[in-house]
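File shown: run_28.cif (mmCIF, C-alpha atoms and all ligand atoms).
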```
data_structure
#
loop_
_atom_site.label_atom_id
_atom_site.label_comp_id
_atom_site.auth_asym_id
_atom_site.auth_seq_id
_atom_site.Cartn_x
_atom_site.Cartn_y
_atom_site.Cartn_z
CA MET D 1 0.00 0.00 0.00
CA ASP D 2 1.27 3.48 -0.83
CA PHE D 3 1.72 5.56 2.33
CA SER D 4 3.92 8.12 0.63
CA HIS D 5 1.87 11.12 1.78
CA THR D 6 0.91 10.95 5.39
CA LEU D 7 -2.50 12.12 6.57
CA GLN D 8 -3.26 15.75 7.19
CA ILE D 9 -6.10 16.48 9.54
CA ASN D 10 -7.86 19.80 10.12
CA SER D 11 -8.64 21.30 13.52
CA GLN D 12 -11.99 19.47 13.61
CA GLY D 13 -10.23 16.09 13.22
CA GLU D 14 -11.35 15.65 9.60
CA VAL D 15 -8.94 14.22 7.03
CA VAL D 16 -8.12 16.82 4.37
CA GLN D 17 -5.21 15.12 2.66
CA PHE D 18 -4.49 11.43 2.41
CA GLY D 19 -1.85 9.02 1.19
CA ASN D 20 -2.85 7.71 -2.26
CA GLU D 21 -4.01 4.20 -1.50
CA PHE D 22 -5.23 5.08 1.97
CA GLN D 23 -7.26 7.94 0.48
CA ARG D 24 -9.14 5.46 -1.66
CA ILE D 25 -9.84 3.29 1.38
CA LEU D 26 -11.01 6.15 3.64
CA GLN D 27 -13.27 7.65 1.02
CA CYS D 28 -15.22 4.40 0.84
CA LEU D 29 -15.69 4.09 4.59
CA PRO D 30 -18.67 5.24 6.69
CA LYS D 31 -17.66 8.44 8.49
CA GLU D 32 -19.14 10.14 11.59
CA SER D 33 -18.52 13.46 13.25
CA ALA D 34 -18.45 12.42 16.91
CA TRP D 35 -16.69 13.18 20.21
CA ARG D 36 -15.43 16.48 18.71
CA THR D 37 -13.52 14.60 15.99
CA PHE D 38 -14.13 12.32 13.00
CA LEU D 39 -14.28 8.54 13.08
CA TYR D 40 -14.17 6.06 10.19
CA LYS D 41 -15.72 2.58 10.30
CA TYR D 42 -13.47 -0.20 9.07
CA GLN D 43 -14.51 -3.86 9.27
CA GLY D 44 -17.12 -3.20 11.97
CA ILE D 45 -14.96 -0.99 14.25
CA TRP D 46 -14.77 2.84 14.42
CA TYR D 47 -11.21 4.20 14.11
CA TYR D 48 -9.50 7.55 14.36
CA PRO D 49 -8.01 8.05 10.87
CA LYS D 50 -4.43 8.33 12.12
CA SER D 51 -4.84 5.14 14.14
CA LEU D 52 -6.31 3.33 11.16
CA GLU D 53 -3.49 4.51 8.90
CA ALA D 54 -0.89 3.43 11.47
CA LEU D 55 -2.55 0.03 11.94
CA LEU D 56 -2.61 -0.63 8.19
CA PHE D 57 1.04 0.36 8.11
CA THR D 58 1.71 -1.95 11.08
CA GLN D 59 0.07 -4.78 9.15
CA GLU D 60 2.60 -4.32 6.38
CA HIS D 61 5.72 -3.83 8.46
CA PHE D 62 5.44 -5.57 11.82
CA GLN D 63 6.89 -9.06 12.04
CA ALA D 64 5.89 -10.86 15.21
CA LYS D 65 8.08 -13.37 16.99
CA ALA D 66 6.66 -16.41 18.70
CA THR D 67 7.74 -15.06 22.09
CA ASP D 68 5.99 -11.67 21.69
CA VAL D 69 3.07 -10.70 23.90
CA VAL D 70 0.47 -8.26 22.54
CA VAL D 71 -1.84 -6.53 25.02
CA VAL D 72 -5.17 -5.75 23.33
CA THR D 73 -7.85 -3.68 25.02
CA THR D 74 -10.71 -1.35 24.37
CA PRO D 75 -9.89 2.20 25.51
CA LYS D 76 -10.67 2.78 29.19
CA ALA D 77 -10.83 -0.93 29.99
CA GLY D 78 -7.80 -0.66 32.28
CA THR D 79 -5.05 -0.73 29.65
CA THR D 80 -2.58 1.27 31.76
CA TRP D 81 -2.97 -1.16 34.64
CA LEU D 82 -2.75 -4.31 32.50
CA LYS D 83 0.38 -3.02 30.76
CA ALA D 84 2.05 -2.43 34.12
CA LEU D 85 1.09 -5.91 35.31
CA VAL D 86 2.23 -7.66 32.13
CA PHE D 87 5.53 -5.79 32.18
CA ALA D 88 6.15 -6.56 35.87
CA ILE D 89 5.23 -10.24 35.44
CA THR D 90 7.05 -11.04 32.20
CA LYS D 91 10.19 -9.02 32.95
CA ARG D 92 10.62 -10.05 36.59
CA ASN D 93 13.79 -12.02 35.88
CA ARG D 94 15.39 -8.86 34.60
CA TYR D 95 13.76 -6.34 36.92
CA VAL D 96 13.26 -7.63 40.45
CA VAL D 97 9.81 -6.51 41.56
CA SER D 98 11.04 -5.18 44.91
CA ASP D 99 13.74 -3.03 43.23
CA PRO D 100 13.21 0.64 44.22
CA ASN D 101 14.43 1.57 40.71
CA HIS D 102 11.99 -0.69 38.88
CA PRO D 103 11.00 0.86 35.47
CA ILE D 104 7.31 0.87 36.48
CA LEU D 105 8.16 3.38 39.19
CA THR D 106 9.73 5.87 36.82
CA THR D 107 8.05 5.27 33.46
CA ASN D 108 4.39 5.34 32.43
CA SER D 109 3.36 1.84 31.34
CA HIS D 110 2.31 3.10 27.89
CA GLU D 111 5.99 3.76 27.23
CA LEU D 112 7.00 0.31 28.46
CA VAL D 113 4.39 -1.50 26.37
CA PRO D 114 3.96 0.72 23.31
CA PHE D 115 0.90 0.92 21.07
CA PHE D 116 1.28 -0.10 17.40
CA GLU D 117 -0.98 2.90 16.73
CA PHE D 118 1.78 5.28 17.82
CA MET D 119 4.90 3.26 16.99
CA TYR D 120 3.91 3.09 13.32
CA ARG D 121 2.36 6.57 13.04
CA HIS D 122 3.54 8.92 10.28
CA ASN D 123 4.97 6.00 8.24
CA ASN D 124 7.51 5.37 10.94
CA ILE D 125 9.14 1.95 10.93
CA PRO D 126 10.50 1.54 14.46
CA ASP D 127 13.78 -0.13 15.19
CA LEU D 128 12.56 -3.05 17.27
CA PRO D 129 14.72 -4.84 19.79
CA ASN D 130 15.82 -8.29 18.75
CA GLN D 131 15.82 -9.64 22.24
CA PRO D 132 15.27 -13.34 22.90
CA CYS D 133 12.79 -12.74 25.75
CA SER D 134 9.22 -11.52 25.30
CA ARG D 135 8.84 -8.23 23.48
CA LEU D 136 5.72 -6.42 24.65
CA PHE D 137 3.38 -4.48 22.37
CA SER D 138 -0.17 -3.25 22.59
CA THR D 139 -3.08 -2.09 20.49
CA HIS D 140 -6.77 -1.23 20.56
CA SER D 141 -7.13 -2.77 17.09
CA GLY D 142 -9.85 -5.21 16.09
CA PHE D 143 -8.47 -8.70 15.41
CA ASN D 144 -8.91 -8.45 11.63
CA LEU D 145 -6.52 -5.53 11.45
CA LEU D 146 -3.72 -7.23 13.40
CA PRO D 147 -0.65 -8.12 11.35
CA ASP D 148 -0.79 -11.64 9.87
CA SER D 149 2.33 -12.56 11.79
CA VAL D 150 0.52 -11.79 15.08
CA LYS D 151 -2.51 -13.82 14.01
CA ASN D 152 -0.59 -16.74 12.60
CA THR D 153 2.37 -17.26 14.92
CA SER D 154 2.26 -18.63 18.44
CA CYS D 155 2.68 -15.05 19.70
CA ARG D 156 0.29 -14.45 22.62
CA ILE D 157 -2.58 -11.96 22.87
CA ILE D 158 -3.81 -10.79 26.29
CA TYR D 159 -7.21 -9.15 25.90
CA LEU D 160 -8.97 -6.96 28.45
CA CYS D 161 -12.47 -5.52 28.38
CA ARG D 162 -14.75 -3.85 30.89
CA ASN D 163 -18.41 -3.56 31.80
CA PRO D 164 -19.82 -1.09 29.21
CA LYS D 165 -21.46 1.20 31.79
CA ASP D 166 -18.20 1.87 33.64
CA ASN D 167 -16.33 1.86 30.34
CA PHE D 168 -18.63 4.58 29.02
CA VAL D 169 -18.31 6.78 32.13
CA SER D 170 -14.52 6.44 32.07
CA LEU D 171 -14.41 7.24 28.34
CA TRP D 172 -16.65 10.28 28.73
CA HIS D 173 -14.42 11.74 31.46
CA PHE D 174 -11.26 10.99 29.48
CA MET D 175 -12.55 12.50 26.22
CA ASN D 176 -13.69 15.63 28.01
CA LYS D 177 -10.24 16.04 29.55
CA ALA D 178 -8.82 15.82 26.02
CA VAL D 179 -11.40 18.34 24.75
CA ALA D 180 -10.65 20.69 27.66
CA GLU D 181 -6.92 20.57 26.84
CA CYS D 182 -7.64 21.69 23.25
CA ASP D 183 -9.51 24.68 24.59
CA THR D 184 -11.34 25.29 21.31
CA GLU D 185 -14.38 23.04 21.65
CA PRO D 186 -17.21 22.89 24.19
CA LEU D 187 -17.25 19.86 26.49
CA ILE D 188 -19.31 16.87 25.39
CA PRO D 189 -22.58 16.61 27.35
CA LEU D 190 -23.16 13.22 29.00
CA GLU D 191 -26.37 12.61 27.05
CA GLU D 192 -24.73 13.29 23.67
CA ALA D 193 -21.83 10.97 24.49
CA PHE D 194 -24.21 8.30 25.77
CA GLU D 195 -26.26 8.21 22.57
CA LEU D 196 -23.08 7.83 20.51
CA TYR D 197 -21.81 5.08 22.80
CA CYS D 198 -25.09 3.15 22.58
CA LYS D 199 -24.76 3.28 18.79
CA GLY D 200 -21.22 1.95 19.18
CA ILE D 201 -19.73 5.17 17.76
CA HIS D 202 -16.52 5.86 19.67
CA GLY D 203 -12.85 5.21 19.02
CA PHE D 204 -12.36 1.41 18.61
CA GLY D 205 -16.04 0.82 19.36
CA PRO D 206 -18.46 -0.72 19.63
CA ILE D 207 -16.86 -2.54 22.52
CA TRP D 208 -19.37 -5.40 22.20
CA ASN D 209 -18.14 -6.16 18.64
CA HIS D 210 -14.52 -5.79 19.74
CA ALA D 211 -14.94 -7.98 22.82
CA LEU D 212 -17.06 -10.59 21.05
CA GLU D 213 -14.45 -11.09 18.36
CA TYR D 214 -11.69 -11.70 20.92
CA TRP D 215 -14.00 -13.74 23.15
CA LYS D 216 -14.71 -16.20 20.33
CA LEU D 217 -11.00 -16.40 19.53
CA SER D 218 -10.16 -17.09 23.17
CA LEU D 219 -12.51 -20.09 23.03
CA GLN D 220 -11.17 -21.34 19.71
CA ARG D 221 -7.49 -20.72 20.47
CA PRO D 222 -7.04 -20.63 24.26
CA ASP D 223 -3.25 -20.91 23.92
CA GLN D 224 -3.14 -17.78 21.79
CA VAL D 225 -5.78 -15.48 23.30
CA LEU D 226 -6.35 -14.89 27.02
CA PHE D 227 -9.61 -13.06 27.72
CA LEU D 228 -9.73 -10.91 30.87
CA LYS D 229 -12.32 -8.62 32.42
CA TYR D 230 -11.52 -5.54 34.53
CA GLU D 231 -14.11 -6.59 37.12
CA ASP D 232 -12.49 -10.02 37.59
CA MET D 233 -9.08 -8.37 37.91
CA MET D 234 -10.43 -6.04 40.59
CA GLY D 235 -12.31 -8.86 42.35
CA ASP D 236 -9.48 -11.39 42.56
CA THR D 237 -6.26 -9.82 41.33
CA THR D 238 -4.09 -12.72 42.53
CA SER D 239 -5.90 -15.34 40.42
CA GLN D 240 -5.89 -13.14 37.35
CA ILE D 241 -2.19 -12.36 37.76
CA LYS D 242 -1.46 -16.08 37.96
CA ARG D 243 -3.46 -16.62 34.77
CA ILE D 244 -1.46 -13.90 33.01
CA ALA D 245 1.83 -15.38 34.19
CA GLU D 246 0.93 -18.94 33.16
CA PHE D 247 -0.44 -17.82 29.80
CA SER D 248 2.69 -15.75 29.13
CA GLY D 249 4.89 -18.78 29.73
CA CYS D 250 6.37 -17.54 33.03
CA PRO D 251 4.27 -19.00 35.87
CA PHE D 252 5.12 -18.07 39.44
CA SER D 253 7.12 -20.76 41.23
CA LEU D 254 6.07 -21.96 44.67
CA LYS D 255 9.16 -20.23 46.03
CA GLU D 256 8.08 -16.91 44.47
CA GLU D 257 4.58 -17.35 45.84
CA SER D 258 5.86 -18.06 49.34
CA GLU D 259 8.20 -15.07 49.13
CA GLY D 260 5.24 -12.83 48.33
CA VAL D 261 6.25 -11.85 44.76
CA ILE D 262 2.63 -11.86 43.56
CA ASP D 263 1.63 -9.49 46.36
CA GLN D 264 4.57 -7.24 45.47
CA VAL D 265 3.38 -7.10 41.84
CA ILE D 266 -0.16 -6.27 42.96
CA LYS D 267 1.08 -3.51 45.25
CA MET D 268 3.47 -1.98 42.74
CA CYS D 269 0.78 -1.88 40.03
CA SER D 270 -2.10 -0.82 42.28
CA PHE D 271 -4.11 2.28 41.44
CA GLU D 272 -2.94 3.82 44.69
CA ASN D 273 0.73 3.32 43.88
CA LEU D 274 0.71 4.06 40.13
CA SER D 275 -1.44 7.17 40.39
CA ASN D 276 0.83 8.66 43.06
CA LEU D 277 4.10 8.22 41.18
CA GLU D 278 5.75 11.43 40.08
CA VAL D 279 5.80 10.26 36.44
CA ASN D 280 2.05 9.66 36.53
CA LYS D 281 1.17 12.81 38.44
CA ASN D 282 3.18 15.27 36.37
CA GLY D 283 4.50 13.41 33.30
CA LYS D 284 3.23 13.84 29.74
CA ARG D 285 3.34 11.71 26.63
CA VAL D 286 4.32 13.51 23.50
CA VAL D 287 2.67 11.21 20.94
CA PRO D 288 -0.19 11.48 21.51
CA PHE D 289 -0.07 14.54 23.73
CA ILE D 290 -1.72 13.28 26.90
CA GLU D 291 -0.99 14.03 30.51
CA ASN D 292 -0.28 10.77 32.32
CA LYS D 293 -2.59 11.75 35.19
CA ASN D 294 -5.53 11.44 32.76
CA TYR D 295 -5.09 7.67 32.76
CA PHE D 296 -6.03 7.56 36.45
CA ARG D 297 -9.41 8.67 37.72
CA LYS D 298 -11.16 6.45 40.30
CA GLY D 299 -10.20 2.89 39.39
CA GLU D 300 -13.45 1.43 40.75
CA VAL D 301 -16.13 -1.00 39.67
CA GLY D 302 -19.67 0.41 39.55
CA ASP D 303 -19.01 4.16 39.40
CA TRP D 304 -21.65 4.30 36.63
CA ILE D 305 -24.28 4.45 39.36
CA ASN D 306 -23.26 8.08 39.95
CA TYR D 307 -23.82 9.11 36.32
CA LEU D 308 -26.45 7.00 34.55
CA SER D 309 -30.22 7.34 35.06
CA PRO D 310 -32.33 4.16 35.32
CA SER D 311 -33.55 4.65 31.73
CA MET D 312 -29.96 5.01 30.47
CA VAL D 313 -28.99 1.81 32.29
CA GLU D 314 -31.94 0.00 30.72
CA GLN D 315 -31.09 1.31 27.25
CA LEU D 316 -27.42 0.30 27.38
CA ASP D 317 -28.12 -3.06 29.03
CA GLN D 318 -30.59 -3.85 26.25
CA VAL D 319 -28.13 -2.95 23.49
CA VAL D 320 -25.41 -5.09 25.06
CA GLU D 321 -27.73 -8.01 25.81
CA LYS D 322 -28.98 -8.02 22.21
CA LYS D 323 -25.46 -8.01 20.78
CA LEU D 324 -24.05 -10.68 23.09
CA HIS D 325 -27.12 -12.93 23.24
CA GLY D 326 -26.20 -16.59 22.80
CA SER D 327 -22.44 -15.94 22.76
CA GLY D 328 -21.78 -17.02 26.34
CA LEU D 329 -20.08 -13.66 26.96
CA THR D 330 -21.49 -11.32 29.60
CA LEU D 331 -20.18 -7.81 30.16
CA SER D 332 -22.05 -6.55 33.20
P1 LIG U 401 -11.94 5.12 35.69
O1 LIG U 401 -12.05 6.26 34.74
O2 LIG U 401 -13.23 4.36 35.83
O3 LIG U 401 -11.37 5.48 37.02
P2 LIG U 401 -7.19 2.84 30.33
O4 LIG U 401 -5.94 2.55 31.03
O5 LIG U 401 -7.63 1.74 29.40
O6 LIG U 401 -7.18 4.18 29.71
O7 LIG U 401 -8.35 2.83 31.44
C1 LIG U 401 -8.42 3.84 32.40
C2 LIG U 401 -9.26 3.32 33.56
O8 LIG U 401 -8.48 2.39 34.33
C3 LIG U 401 -9.64 4.45 34.50
O9 LIG U 401 -10.90 4.06 35.06
C4 LIG U 401 -8.52 4.37 35.53
O10 LIG U 401 -8.80 5.01 36.74
C5 LIG U 401 -8.38 2.87 35.68
N1 LIG U 401 -7.08 2.48 36.23
C6 LIG U 401 -5.86 2.99 35.95
N2 LIG U 401 -4.91 2.38 36.66
C7 LIG U 401 -5.53 1.44 37.41
C8 LIG U 401 -5.06 0.48 38.38
N3 LIG U 401 -3.79 0.39 38.69
N4 LIG U 401 -5.98 -0.32 38.95
C9 LIG U 401 -7.29 -0.21 38.63
N5 LIG U 401 -7.79 0.67 37.75
C10 LIG U 401 -6.92 1.49 37.13
#
```
Starting from the file, give its structure as structure tokens.
Ligand code: A3P
Amino acid sequence: MDFSHTLQINSQGEVVQFGNEFQRILQCLPKESAWRTFLYKYQGIWYYPKSLEALLFTQEHFQAKATDVVVVTTPKAGTTWLKALVFAITKRNRYVVSDPNHPILTTNSHELVPFFEFMYRHNNIPDLPNQPCSRLFSTHSGFNLLPDSVKNTSCRIIYLCRNPKDNFVSLWHFMNKAVAECDTEPLIPLEEAFELYCKGIHGFGPIWNHALEYWKLSLQRPDQVLFLKYEDMMGDTTSQIKRIAEFSGCPFSLKEESEGVIDQVIKMCSFENLSNLEVNKNGKRVVPFIENKNYFRKGEVGDWINYLSPSMVEQLDQVVEKKLHGSGLTLS
């Protein structure tokens, strides 16, 4: 595919100049003005154009290795937390969890487990480490858009999703922080955001399509796809951490368990600890420009009760129930 001219986007988030081949693709896609930007629907999922371009570019240029681990989530499912956990678990031979200089304590986990969407942005082909141990990557991409080498090697995918009501509330807060930083647009009213969310129109949405796709894969290929839910992680973090470690090929030994390594991982990656680190209180990411503190809000299950009316709850529950009916997947 010809990516010779990278995308240019106007202040409203609309694409005004495209790469040749990508232009032809985008112009055929359904497009929506939503969340103070523009989204394009590709193979059932709504994408930001720059993310879509980067993911198509990733497809062409990323070569997975069998030992790679790819963290896949929907936005606001707890990505920041899962990345920290996966890094701490899979790299514990190199970085002792109790080390006061552990990378998690000085670096935001999005830097430690980078998104394909940003690594491959602007036609950039990153210089990837050729290390023998697990390389860690992440994405919000739908499965269809993942590089063939991720889909077809024994490389592992750890997937995380979240109850849509909390996911929506978290997304609404996060998007409004982004809008507030731009300073040019009015904030997005809750009701407007909610209607879009119920129609599945948000970046990488609808989450029920996204989650269903990975859910089915986790049943068909349990060695390749591990399916996690934020609520289960909050409810019994120890069990879920053990699942992650076993799935990633580095289970905790009895000695580690008796020495309290799992508890150390939980504590280091807890909301309390991560959100109070200097890097997460005052640090910023350059691409995309986001203040790290925006990744931490409440870190609770059930905060939706403070935002959604009974009729909103009924509406969203019905949408989700209809989409997931018969699949065996529940998201509430
Ligand atoms: P809330 O907005 O409900 O508080 P993501 O990382 O995918 O952007 O998701 C952000 C959500 O995960 C936010 O949810 C945030 O507070 C929560 N979160 C961040 N770190 C966490 C942690 N260590 N433990 C639990 N939740 C965490």
Restricting to only C-alpha atoms, whichever of D:Glu53, D:Glu195, D:Glu111, D:Asp223 is closest to Leu145 of chain D is D:Glu53
Selection: 10 Å around segment 149-160 of chain D, only C-alpha atoms, excl. self and same-chain fewer than 3 positions, as number ranges by chain = D: 59-79, 82-83, 86, 134-140, 143-146, 211, 214-215, 218, 222-230, 233, 244, 247-249
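For the set D:Ser141, D:Asp148, D:His102, D:Leu56, the residue with the smallest atom-to-atom gap to Arg121 of chain D is D:Leu56, counting all atoms listed in the file.
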Identify, on the basis of all atoms listed in the file, every residue whose closest approach to Lys298 of chain D does not exceed 12 Å; exclude the query and any residue fewer than 4 positions from it along the same chain; express the result as a ChimeraX atom specification. /D:76,78,166,169-170,173-174,270-272,275,293-294,302-304
Shell around segment 198-203 of chain D at 12 Å using all atoms listed in the file, local window under 6 positions removed, as a ChimeraX atom specification:
/D:30-42,44-52,73-76,140-142,164-165,167-168,171-172,175,191-192,209-210,312-323
Hey, can I get the axis-aligned box for segment 152-159 of chain D? All listed atoms, 5 Å padding on each side, centre and edge lengths in Å to one decimal, as lines of an AutoDock Vina configuration file.
```
center_x = -2.3
center_y = -13.9
center_z = 19.4
size_x = 19.9
size_y = 19.5
size_z = 23.7
```
Here atom CA of Ser239 of chain D and atom CA of Glu257 of chain D stand apart by 12.0 Å
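The spacing separating atom CA of Asn130 of chain D from atom CA of Thr90 of chain D amounts to 16.3 Å.
In this structure, atom CA of Ser109 of chain D sits 22.2 Å away from atom CA of His122 of chain D.
Distance annotation: of D:Asn176, D:Thr80, D:Gln240, D:Ser327, the residue with the minimal separation from ligand LIG 401 (chain U) is D:Thr80; atom set is only C-alpha atoms and all ligand atoms.
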Ligand LIG 401 (chain U) proximity check over D:Asp232, D:Glu246, D:Glu259, D:Glu185, using all atoms listed in the file: winner is D:Asp232
| message | List the spatial neighbours of Arg285 of chain D as a list in words - criterion: any atom at most 10 Å away, only C-alpha atoms, same-chain residues fewer than 6 positions off excluded. | response | Asn108, His110, Glu111, Glu291 and Asn292 of chain D
Store the residues picked out above, limited to C-alpha atoms, as a PDB file, in the frame of the given file.
```
ATOM      1  CA  ASN D 108       4.390   5.340  32.430  1.00  0.00           C
ATOM      2  CA  HIS D 110       2.310   3.100  27.890  1.00  0.00           C
ATOM      3  CA  GLU D 111       5.990   3.760  27.230  1.00  0.00           C
ATOM      4  CA  GLU D 291      -0.990  14.030  30.510  1.00  0.00           C
ATOM      5  CA  ASN D 292      -0.280  10.770  32.320  1.00  0.00           C
TER       6      ASN D 292
END
```
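For the set D:Gly299, D:Gly235, D:Pro251, D:Gly205, the residue with the smallest atom-to-atom gap to ligand LIG 401 (chain U) is D:Gly299, counting all atoms listed in the file.
Excluding segment 265-268 of chain D and any residue on its chain fewer than 6 positions from it, the residues at most 8 Å away by only C-alpha atoms are Leu85, Ala88, Ile89, Val97, Ile104, Leu105, Thr237, Thr238 and Leu274 of chain D.
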